[in-house]
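Undergrad: Dropping in target_0.txt, which is compact mmCIF, C-alpha atoms:
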# COMPACT_ATOMS: atom_id res chain seq x y z
CA MET A 1 40.08 -46.18 3.39
CA LEU A 2 43.55 -47.58 2.82
CA ASP A 3 44.09 -47.51 6.61
CA VAL A 4 40.82 -49.42 7.07
CA LYS A 5 42.08 -51.89 4.48
CA GLY A 6 45.22 -52.29 6.58
CA GLY A 7 43.07 -53.42 9.50
CA ASP A 8 42.94 -50.10 11.36
CA GLU A 9 39.58 -50.13 13.18
CA GLN A 10 40.00 -46.51 14.30
CA SER A 11 40.04 -45.40 10.67
CA PHE A 12 36.73 -47.13 10.04
CA GLU A 13 35.29 -45.19 12.96
CA LEU A 14 36.56 -41.94 11.40
CA LEU A 15 35.06 -42.95 8.09
CA LEU A 16 31.73 -43.62 9.78
CA GLN A 17 31.75 -40.24 11.55
CA ARG A 18 32.63 -38.38 8.38
CA TYR A 19 30.16 -39.97 6.00
CA ARG A 20 27.23 -41.08 8.17
CA THR A 21 25.26 -37.82 7.75
CA PRO A 22 25.73 -37.45 3.96
CA VAL A 23 24.85 -41.10 3.38
CA VAL A 24 21.77 -41.04 5.63
CA ASN A 25 20.58 -37.78 4.01
CA PHE A 26 21.05 -39.11 0.51
CA LEU A 27 19.16 -42.30 1.34
CA PHE A 28 16.45 -40.38 3.17
CA ARG A 29 15.81 -38.25 0.06
CA MET A 30 15.76 -41.41 -2.02
CA VAL A 31 13.48 -43.66 0.02
CA LYS A 32 11.49 -40.99 1.96
CA SER A 33 11.62 -42.86 5.27
CA ARG A 34 14.17 -42.06 7.92
CA GLU A 35 14.03 -45.52 9.50
CA GLN A 36 14.54 -47.20 6.16
CA ALA A 37 17.28 -44.72 5.27
CA GLU A 38 19.18 -45.59 8.46
CA ASP A 39 18.77 -49.31 7.81
CA LEU A 40 20.14 -48.88 4.30
CA ALA A 41 22.96 -46.63 5.52
CA GLN A 42 23.95 -49.33 8.01
CA GLU A 43 24.10 -51.78 5.13
CA VAL A 44 26.27 -49.34 3.16
CA PHE A 45 28.83 -49.14 5.98
CA ILE A 46 28.80 -52.89 6.57
CA ARG A 47 29.47 -53.45 2.87
CA VAL A 48 32.33 -50.96 2.99
CA TYR A 49 33.73 -52.82 6.01
CA ARG A 50 33.37 -56.23 4.36
CA ALA A 51 34.95 -55.06 1.12
CA ARG A 52 37.85 -53.25 2.82
CA GLU A 53 40.41 -55.94 1.91
CA GLU A 54 39.42 -55.97 -1.76
CA TYR A 55 39.28 -52.16 -1.99
CA VAL A 56 41.40 -50.81 -4.83
CA PRO A 57 41.64 -47.02 -5.00
CA THR A 58 40.88 -46.72 -8.71
CA ALA A 59 38.32 -43.99 -8.06
CA LYS A 60 37.53 -41.54 -5.27
CA PHE A 61 36.26 -43.15 -2.09
CA THR A 62 33.05 -41.05 -2.27
CA THR A 63 32.34 -42.44 -5.74
CA TRP A 64 32.57 -45.99 -4.40
CA LEU A 65 30.57 -45.15 -1.27
CA PHE A 66 27.69 -43.46 -3.09
CA ARG A 67 27.67 -46.14 -5.73
CA ILE A 68 26.93 -48.68 -3.01
CA ALA A 69 24.33 -46.32 -1.50
CA THR A 70 22.70 -45.69 -4.90
CA ASN A 71 22.46 -49.39 -5.72
CA LEU A 72 20.94 -50.16 -2.34
CA ALA A 73 18.45 -47.30 -2.65
CA LEU A 74 17.37 -48.29 -6.15
CA ASN A 75 16.99 -51.95 -5.12
CA SER A 76 15.00 -50.94 -2.08
CA LEU A 77 12.68 -48.74 -4.17
CA ARG A 78 12.18 -51.62 -6.59
CA ASP A 79 11.38 -54.03 -3.76
CA HIS A 80 8.93 -51.60 -2.19
CA ARG A 81 7.26 -51.03 -5.52
CA HIS A 82 6.65 -54.75 -5.75
CA GLN A 83 5.33 -54.79 -2.19
CA LYS A 84 2.98 -51.89 -2.92
CA LEU A 85 1.62 -53.69 -5.96
CA GLU A 86 0.88 -56.68 -3.79
CA MET A 87 -0.92 -54.58 -1.19
CA SER A 88 -4.67 -54.21 -1.36
CA ILE A 89 -5.88 -51.05 -3.00
CA ASP A 90 -8.38 -50.78 -0.14
CA ALA A 91 -5.61 -50.27 2.40
CA PRO A 92 -6.28 -47.04 4.30
CA LEU A 93 -3.89 -44.18 3.70
CA THR A 94 -2.87 -41.81 6.43
CA ALA A 95 -3.29 -38.11 5.76
CA ASP A 96 0.45 -37.37 5.72
CA SER A 97 1.66 -40.65 4.35
CA ASP A 98 3.61 -38.91 1.63
CA GLU A 99 5.43 -36.50 3.87
CA GLY A 100 8.14 -38.81 5.04
CA ASP A 101 9.23 -38.31 8.63
CA GLU A 102 11.37 -35.28 8.17
CA ARG A 103 9.38 -32.85 10.28
CA PRO A 104 10.99 -33.58 13.66
CA PHE A 105 14.39 -32.68 12.19
CA GLU A 106 13.42 -29.39 10.60
CA VAL A 107 15.17 -26.41 12.04
CA ALA A 108 12.42 -23.98 12.96
CA ASP A 109 12.79 -20.21 13.11
CA LYS A 110 13.31 -18.77 16.54
CA HIS A 111 9.82 -17.30 16.96
CA PRO A 112 7.70 -18.03 13.91
CA THR A 113 3.99 -17.35 13.97
CA ILE A 114 1.70 -20.29 13.31
CA GLU A 115 0.95 -18.88 9.89
CA GLN A 116 4.65 -18.51 9.03
CA GLU A 117 5.28 -22.03 10.20
CA LEU A 118 2.46 -23.36 8.05
CA VAL A 119 3.72 -21.47 5.00
CA GLU A 120 7.25 -22.68 5.63
CA ASN A 121 6.13 -26.29 6.06
CA GLU A 122 4.06 -26.10 2.90
CA ARG A 123 7.02 -24.74 0.98
CA LYS A 124 9.32 -27.53 2.14
CA LYS A 125 6.68 -30.13 1.45
CA MET A 126 6.40 -28.81 -2.09
CA ILE A 127 10.16 -28.98 -2.64
CA ARG A 128 10.28 -32.51 -1.23
CA ARG A 129 7.43 -33.63 -3.46
CA ALA A 130 9.10 -32.10 -6.50
CA ILE A 131 12.25 -34.09 -5.79
CA GLU A 132 10.25 -37.26 -5.17
CA LYS A 133 8.46 -36.85 -8.48
CA LEU A 134 11.72 -37.06 -10.40
CA PRO A 135 12.47 -40.37 -12.11
CA GLU A 136 14.92 -42.40 -9.96
CA LYS A 137 18.03 -41.79 -12.04
CA GLN A 138 17.35 -38.05 -12.29
CA ARG A 139 16.74 -37.95 -8.54
CA VAL A 140 20.06 -39.67 -7.82
CA ALA A 141 21.82 -37.18 -10.12
CA VAL A 142 20.19 -34.15 -8.48
CA LEU A 143 20.85 -35.37 -4.93
CA LEU A 144 24.50 -36.17 -5.59
CA HIS A 145 25.00 -32.93 -7.50
CA LYS A 146 23.15 -30.55 -5.21
CA TYR A 147 23.53 -32.05 -1.72
CA GLN A 148 26.75 -34.07 -1.93
CA GLU A 149 28.39 -31.66 -4.37
CA LEU A 150 30.09 -34.46 -6.27
CA ASP A 151 31.59 -33.49 -9.59
CA TYR A 152 30.12 -34.58 -12.91
CA ALA A 153 32.75 -37.28 -13.48
CA GLU A 154 31.99 -38.92 -10.13
CA ILE A 155 28.22 -38.87 -10.60
CA ALA A 156 28.63 -40.23 -14.12
CA LYS A 157 30.66 -43.15 -12.72
CA ILE A 158 28.07 -43.84 -10.03
CA LEU A 159 25.28 -43.90 -12.61
CA SER A 160 27.42 -45.74 -15.18
CA CYS A 161 26.89 -43.16 -17.90
CA SER A 162 28.96 -40.64 -19.81
CA GLU A 163 29.48 -37.12 -18.54
CA SER A 164 27.53 -35.64 -21.43
CA ALA A 165 24.64 -38.03 -20.71
CA LEU A 166 24.75 -36.95 -17.08
CA LYS A 167 24.64 -33.25 -18.01
CA SER A 168 21.64 -33.94 -20.19
CA LEU A 169 20.02 -35.94 -17.33
CA LEU A 170 20.55 -33.07 -14.89
CA PHE A 171 19.21 -30.54 -17.39
CA ARG A 172 16.01 -32.57 -17.78
CA ALA A 173 15.72 -32.96 -14.01
CA TYR A 174 16.01 -29.20 -13.47
CA GLU A 175 13.43 -28.62 -16.20
CA VAL A 176 10.99 -30.90 -14.31
CA LEU A 177 11.78 -29.15 -11.02
CA ARG A 178 11.35 -25.74 -12.65
CA VAL A 179 7.83 -26.69 -13.72
CA GLU A 180 6.93 -28.42 -10.43
CA LEU A 181 8.19 -25.52 -8.37
CA ALA A 182 6.92 -22.82 -10.73
CA PRO A 183 4.96 -20.85 -8.05
CA LEU A 184 7.97 -20.82 -5.72
CA VAL A 185 10.36 -20.08 -8.56
CA ALA A 186 8.26 -17.08 -9.61
CA ARG A 187 8.22 -15.72 -6.04
CA HIS A 188 11.93 -16.41 -5.62
CA GLY A 189 12.71 -14.70 -8.92
CA ALA A 190 10.65 -11.63 -7.93
CA LYS A 191 12.74 -11.10 -4.76
CA MET B 192 26.58 -21.07 -29.56
CA SER B 193 23.10 -22.59 -30.01
CA CYS B 194 20.50 -22.92 -27.21
CA GLU B 195 20.67 -26.71 -27.64
CA ARG B 196 24.40 -26.73 -26.99
CA MET B 197 23.88 -24.45 -24.04
CA GLU B 198 21.69 -27.12 -22.35
CA SER B 199 24.71 -29.13 -21.27
CA ARG B 200 26.39 -26.05 -19.81
CA ILE B 201 23.60 -24.07 -18.23
CA LEU B 202 23.63 -25.90 -14.89
CA ALA B 203 27.42 -25.87 -14.71
CA TYR B 204 27.17 -22.10 -15.30
CA VAL B 205 24.67 -21.73 -12.43
CA ASP B 206 26.98 -23.79 -10.15
CA GLY B 207 30.07 -21.88 -11.19
CA ARG B 208 31.69 -25.07 -12.50
CA LEU B 209 32.53 -23.74 -15.99
CA LYS B 210 36.04 -22.87 -17.09
CA ASP B 211 36.71 -19.16 -17.67
CA SER B 212 36.61 -19.52 -21.46
CA GLU B 213 33.36 -21.54 -21.32
CA ARG B 214 31.78 -19.04 -18.95
CA ALA B 215 32.66 -16.15 -21.22
CA GLU B 216 31.16 -18.01 -24.17
CA ALA B 217 27.98 -18.77 -22.18
CA GLU B 218 27.58 -15.16 -21.04
CA LYS B 219 27.95 -14.01 -24.61
CA HIS B 220 25.07 -16.34 -25.54
CA PHE B 221 22.88 -15.20 -22.61
CA ALA B 222 23.37 -11.59 -23.59
CA ALA B 223 21.86 -12.39 -26.95
CA CYS B 224 19.25 -15.05 -25.95
CA ALA B 225 16.37 -14.05 -23.66
CA ILE B 226 15.05 -17.64 -23.35
CA CYS B 227 18.34 -18.97 -22.00
CA ARG B 228 18.69 -15.92 -19.77
CA VAL B 229 15.32 -16.64 -18.16
CA ARG B 230 16.23 -20.31 -17.84
CA VAL B 231 19.45 -19.47 -16.06
CA ASN B 232 17.55 -17.37 -13.51
CA GLU B 233 14.94 -20.08 -13.00
CA PHE B 234 17.56 -22.82 -12.58
CA ARG B 235 19.29 -20.62 -10.04
CA SER B 236 15.98 -20.28 -8.15
CA VAL B 237 15.44 -24.05 -8.27
CA SER B 238 18.95 -24.62 -6.93
CA ASP B 239 18.32 -22.14 -4.07
CA LEU B 240 14.99 -23.78 -3.25
CA LEU B 241 16.61 -27.24 -3.10
CA GLY B 242 19.12 -25.80 -0.68
CA GLU B 243 16.33 -24.87 1.71
CA LEU B 244 15.69 -28.46 2.73
CA PRO B 245 17.33 -29.12 6.08
CA MET B 246 19.84 -31.88 6.65
CA VAL B 247 18.79 -34.75 8.87
CA GLU B 248 21.15 -36.09 11.49
CA PRO B 249 21.35 -39.84 12.06
CA THR B 250 19.97 -40.96 15.41
CA PRO B 251 22.49 -41.89 18.15
CA ALA B 252 21.27 -45.48 17.80
CA PHE B 253 22.60 -45.51 14.24
CA ASP B 254 26.25 -45.49 15.29
CA VAL B 255 25.61 -48.07 18.00
CA ARG B 256 23.96 -50.43 15.54
CA VAL B 257 26.70 -50.03 12.91
CA ARG B 258 29.42 -50.70 15.53
CA ALA B 259 27.52 -53.75 16.80
CA ARG B 260 27.21 -55.13 13.31
CA VAL B 261 30.90 -54.52 12.58
CA ALA B 262 31.84 -56.27 15.83
CA ALA B 263 29.65 -59.24 14.85
CA GLU B 264 31.39 -59.60 11.50
CA PRO B 265 33.45 -62.80 11.33
CA VAL B 266 37.19 -62.24 11.34
CA LYS B 267 38.48 -63.10 7.91
CA GLN B 268 41.87 -64.83 7.94
CA SER B 269 43.62 -64.68 4.65
CA TRP B 270 45.53 -67.78 3.48
CA TRP B 271 48.89 -66.12 4.06
CA ALA B 272 48.00 -64.79 7.50
CA TRP B 273 50.18 -67.49 9.10
CA MET B 274 53.16 -65.92 7.40
CA ARG B 275 52.72 -62.62 9.21
CA PRO B 276 55.82 -61.86 11.28
CA SER B 277 55.61 -63.00 14.87
CA PRO B 278 58.67 -62.22 17.06
CA ARG B 279 58.17 -65.29 19.26
CA ILE B 280 57.91 -67.70 16.34
CA ALA B 281 60.84 -66.05 14.55
CA PHE B 282 63.02 -66.31 17.69
CA ALA B 283 62.05 -69.96 18.30
CA ALA B 284 62.71 -70.87 14.66
CA SER B 285 66.14 -69.22 14.63
CA MET B 286 67.12 -70.95 17.92
CA LEU B 287 66.03 -74.30 16.52
CA LEU B 288 68.02 -73.72 13.36
CA LEU B 289 71.15 -72.79 15.34
CA ALA B 290 70.79 -75.89 17.53
CA MET B 291 70.43 -78.14 14.49
CA LEU B 292 73.51 -76.62 12.87
CA TRP B 293 75.57 -77.06 16.06
CA ILE B 294 74.50 -80.70 16.55
CA GLY B 295 75.14 -81.46 12.89
CA TYR B 296 78.64 -79.99 13.10
CA ARG B 297 79.53 -81.97 16.27
CA THR B 298 78.36 -85.39 14.99
CA GLN B 299 79.78 -85.17 11.48
CA PRO B 300 82.10 -88.30 10.79
CA VAL B 301 85.70 -87.56 9.79
CA ALA B 302 85.90 -88.48 6.16
CA PRO B 303 89.10 -90.12 4.89
CA LEU B 304 91.32 -87.91 2.88
CA PRO B 305 90.62 -88.27 -0.76
CA ILE B 306 93.25 -90.34 -2.64
CA SER B 307 93.79 -89.99 -6.32
CA PRO B 308 93.47 -93.18 -8.50
CA GLU B 309 97.22 -93.15 -9.22
CA GLU B 310 98.05 -93.13 -5.50
CA ALA B 311 95.61 -96.00 -4.90
CA ASP B 312 97.23 -98.09 -7.68
CA ALA B 313 100.75 -97.40 -6.36
CA SER B 314 99.70 -98.50 -2.87
CA MET B 315 98.23 -101.74 -4.25
CA MET B 316 101.38 -102.45 -6.30
CA GLN B 317 103.47 -102.02 -3.15
CA ASP B 318 101.42 -104.75 -1.43
CA ILE B 319 101.76 -107.08 -4.42
CA SER B 320 105.55 -106.73 -4.46
CA VAL B 321 105.61 -107.76 -0.79
CA MET B 322 103.49 -110.87 -1.56
CA GLU B 323 105.65 -111.78 -4.50
CA ASP B 324 108.81 -111.52 -2.49
CA HIS B 325 109.81 -115.21 -2.57
CA ASP B 326 112.26 -114.95 0.28
CA THR B 327 109.58 -113.62 2.54
CA LEU B 328 107.12 -116.24 1.35
CA ALA B 329 109.66 -119.08 1.71
CA ASN B 330 110.26 -118.14 5.32
CA PHE B 331 106.56 -117.67 6.03
CA GLU B 332 105.96 -120.31 8.71
CA PRO B 333 102.35 -121.42 7.94
CA LEU B 334 103.23 -122.06 4.31
CA LYS B 335 105.91 -124.60 5.26
CA GLU B 336 103.25 -126.94 6.66
CA LEU B 337 101.45 -127.17 3.31
CA PRO B 338 102.07 -130.31 1.14
CA PRO B 339 104.48 -129.81 -1.76
CA PRO B 340 102.87 -128.80 -5.04
CA VAL B 341 101.86 -131.70 -7.39
CA GLU B 342 103.48 -131.74 -10.85
CA ALA B 343 100.91 -131.18 -13.52
CA THR B 344 100.45 -134.13 -15.95
CA ALA B 345 100.12 -133.73 -19.68
CA ASP B 346 96.46 -134.91 -19.60
CA SER B 347 95.40 -132.56 -16.97
CA ALA B 348 97.20 -129.81 -18.85
CA ASP B 349 95.17 -130.72 -21.97
CA ASP B 350 91.95 -130.73 -19.90
CA ASN B 351 92.79 -127.36 -18.62
CA ASP B 352 93.40 -126.16 -22.19
CA GLN B 353 90.01 -127.54 -23.29
CA GLN B 354 88.22 -125.91 -20.39
CA MET B 355 89.80 -122.63 -21.31
Would you write out, as structure tokens, the structure that this file holds?
TA:
Amino acid sequence: MLDVKGGDEQSFELLLQRYRTPVVNFLFRMVKSREQAEDLAQEVFIRVYRAREEYVPTAKFTTWLFRIATNLALNSLRDHRHQKLEMSIDAPLTADSDEGDERPFEVADKHPTIEQELVENERKKMIRRAIEKLPEKQRVAVLLHKYQELDYAEIAKILSCSESALKSLLFRAYEVLRVELAPLVARHGAK
Amino acid sequence: MSCERMESRILAYVDGRLKDSERAEAEKHFAACAICRVRVNEFRSVSDLLGELPMVEPTPAFDVRVRARVAAEPVKQSWWAWMRPSPRIAFAASMLLLAMLWIGYRTQPVAPLPISPEEADASMMQDISVMEDHDTLANFEPLKELPPPVEATADSADDNDQQM
């Protein structure tokens, strides 16, 4: 990032290549729409580019990056909540409106039977829904902890809380997930 | 260690993020507490299940759009940007400075040598002695043509005294 700050355009390209997938995935799990996630991810990288001259390496770059991504995701969710409230309750809902548009990117088994595929899809849908049911802050904590593998100190900085508060937040999130995923957890535990 | 205190450590234990001493302490508690032992196993299952979700790859259009937006960003010139080193400007400036110094040196007027006040007085006194040299003055041709000096009267001398 310091090279980008120095005006090196090649370094920004490297930054983009390195962090595009983690940022898009994080945003996708937050906002549930791939298109929206990519729009927000674009905004994240543009903000990084714009702020390059003011960048001061007081924290890890990933902390700064995911803080921008988290703020954008939370603002977007807030905006969409307002939009949904304004929408008519008579608006028709599509059958899979809550699935997101993840399916085209799922890596399928080599030769699964239709039944296996259905079971697998149902399982993933259940996991996705469990994550989506988490309160926003808990969801951010779980996504950054599980998928981005950030350490507690980094996540605490992103969420502007203490490390002990974050540990408590993650514990509560895993308790919710444990209940939501109880049938899968029981099967997984029996293996 | 109490179950309540274990809450803040249980996930770190599942992730393997505890220090050796903390892990040993936690394992000691799990050996004695069935509830926490079950919880550890269930949290581990939850963590494994979360790991089953596939990663999504950004579309190729994503990179194109980010690059286009970066290219469209206005170039920000900082206030000191004009001070950035430019070889051409530096060369031109140094040549100009050298030329000014050379011209200044060539056209500088030759200043008279400084004379001390004593020397100046001595020079002036020399001139006065020449002027007071009566022989020289008596033979000075233009002075001979002047009318002879008038004798001062007593009245005019008094007037002069009063004016003084």
Undergrad: Please determine the residues with any atom at most 10 Å from (33.9, -47.9, -0.8) (coordinates as given in the file, with all atoms listed in the file counting) and report them as a list in words.
TA: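 Those residues, ordered by chain and then number, are Met1, Val44, Phe45, Arg47, Val48, Tyr49, Arg50, Ala51, Arg52, Glu54, Tyr55, Val56, Pro57, Ala59, Lys60, Phe61, Thr62, Thr63, Trp64, Leu65, Phe66, Arg67, Ile68 and Ala69 of chain A.
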Undergrad: Using only C-alpha atoms, which chain A residues lie at most 7 Å away from chain B, written as a PyMOL selection string?
TA: chain A and resi 21+24-25+38+42+46+105-107+124+127+167-168+171+174+177-178+185+188-189
Undergrad: For atom CA of Leu40 of chain A and atom CA of His145 of chain A, quote the distance in Å rounded to one decimal.
TA: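 Value for the atom CA of Leu40 of chain A-atom CA of His145 of chain A distance: 20.4 Å.
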Undergrad: What separation in Å, quoted to one decimal, exists between atom CA of Ile155 of chain A and atom CA of Ala141 of chain A?
TA: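 One can read the atom CA of Ile155 of chain A to atom CA of Ala141 of chain A distance as 6.6 Å.
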Undergrad: Could you tell me how far atom CA of Ala153 of chain A lies from atom CA of Ala222 of chain B, in Å and to one decimal?
TA: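 Distance between the two atoms: 29.2 Å.
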Undergrad: Just checking: using only C-alpha atoms, which residue out of A:Phe12, A:Glu53, A:Leu144, A:Lys125 ends up closest to Ala156 of chain A?
TA: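 For Ala156 of chain A, the nearest of the candidates is A:Leu144.
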Undergrad: My list of candidates is A:Glu180, A:Thr58, A:Leu118, A:Arg129. Which is closest to Lys157 of chain A when distances are computed with all atoms listed in the file?
TA: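 Selected residue with least distance to Lys157 of chain A: A:Thr58.
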Undergrad: Limit the output to N, CA and C atoms and give segment 196-209 of chain B as a PDB file, in the first residue's frame.
TA:
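To be explicit, this is the file written out as out00.pdb:
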ATOM      1  N   ARG B 196     -16.219 -18.322  32.168  1.00  0.00           N
ATOM      2  CA  ARG B 196     -14.917 -17.813  31.731  1.00  0.00           C
ATOM      3  C   ARG B 196     -14.445 -18.541  30.474  1.00  0.00           C
ATOM      4  N   MET B 197     -14.890 -19.768  30.369  1.00  0.00           N
ATOM      5  CA  MET B 197     -14.498 -20.572  29.212  1.00  0.00           C
ATOM      6  C   MET B 197     -15.124 -20.042  27.915  1.00  0.00           C
ATOM      7  N   GLU B 198     -16.263 -19.324  28.050  1.00  0.00           N
ATOM      8  CA  GLU B 198     -16.973 -18.819  26.862  1.00  0.00           C
ATOM      9  C   GLU B 198     -16.070 -18.001  25.942  1.00  0.00           C
ATOM     10  N   SER B 199     -15.212 -17.191  26.550  1.00  0.00           N
ATOM     11  CA  SER B 199     -14.365 -16.319  25.726  1.00  0.00           C
ATOM     12  C   SER B 199     -13.194 -17.076  25.090  1.00  0.00           C
ATOM     13  N   ARG B 200     -13.013 -18.328  25.528  1.00  0.00           N
ATOM     14  CA  ARG B 200     -11.848 -19.072  25.028  1.00  0.00           C
ATOM     15  C   ARG B 200     -12.218 -20.257  24.148  1.00  0.00           C
ATOM     16  N   ILE B 201     -13.488 -20.641  24.213  1.00  0.00           N
ATOM     17  CA  ILE B 201     -13.878 -21.898  23.567  1.00  0.00           C
ATOM     18  C   ILE B 201     -13.652 -21.873  22.045  1.00  0.00           C
ATOM     19  N   LEU B 202     -13.959 -20.746  21.417  1.00  0.00           N
ATOM     20  CA  LEU B 202     -13.798 -20.648  19.966  1.00  0.00           C
ATOM     21  C   LEU B 202     -12.317 -20.581  19.587  1.00  0.00           C
ATOM     22  N   ALA B 203     -11.560 -19.852  20.410  1.00  0.00           N
ATOM     23  CA  ALA B 203     -10.113 -19.779  20.164  1.00  0.00           C
ATOM     24  C   ALA B 203      -9.495 -21.172  20.317  1.00  0.00           C
ATOM     25  N   TYR B 204     -10.075 -21.979  21.232  1.00  0.00           N
ATOM     26  CA  TYR B 204      -9.585 -23.351  21.406  1.00  0.00           C
ATOM     27  C   TYR B 204      -9.875 -24.174  20.141  1.00  0.00           C
ATOM     28  N   VAL B 205     -11.111 -24.027  19.633  1.00  0.00           N
ATOM     29  CA  VAL B 205     -11.509 -24.759  18.418  1.00  0.00           C
ATOM     30  C   VAL B 205     -10.607 -24.361  17.242  1.00  0.00           C
ATOM     31  N   ASP B 206     -10.270 -23.072  17.160  1.00  0.00           N
ATOM     32  CA  ASP B 206      -9.433 -22.575  16.045  1.00  0.00           C
ATOM     33  C   ASP B 206      -7.947 -22.841  16.237  1.00  0.00           C
ATOM     34  N   GLY B 207      -7.587 -23.286  17.422  1.00  0.00           N
ATOM     35  CA  GLY B 207      -6.164 -23.478  17.710  1.00  0.00           C
ATOM     36  C   GLY B 207      -5.436 -22.161  17.899  1.00  0.00           C
ATOM     37  N   ARG B 208      -6.154 -21.135  18.390  1.00  0.00           N
ATOM     38  CA  ARG B 208      -5.512 -19.826  18.570  1.00  0.00           C
ATOM     39  C   ARG B 208      -5.111 -19.553  20.026  1.00  0.00           C
ATOM     40  N   LEU B 209      -5.246 -20.569  20.897  1.00  0.00           N
ATOM     41  CA  LEU B 209      -4.877 -20.352  22.307  1.00  0.00           C
ATOM     42  C   LEU B 209      -3.391 -20.599  22.517  1.00  0.00           C
TER      43      LEU B 209
END
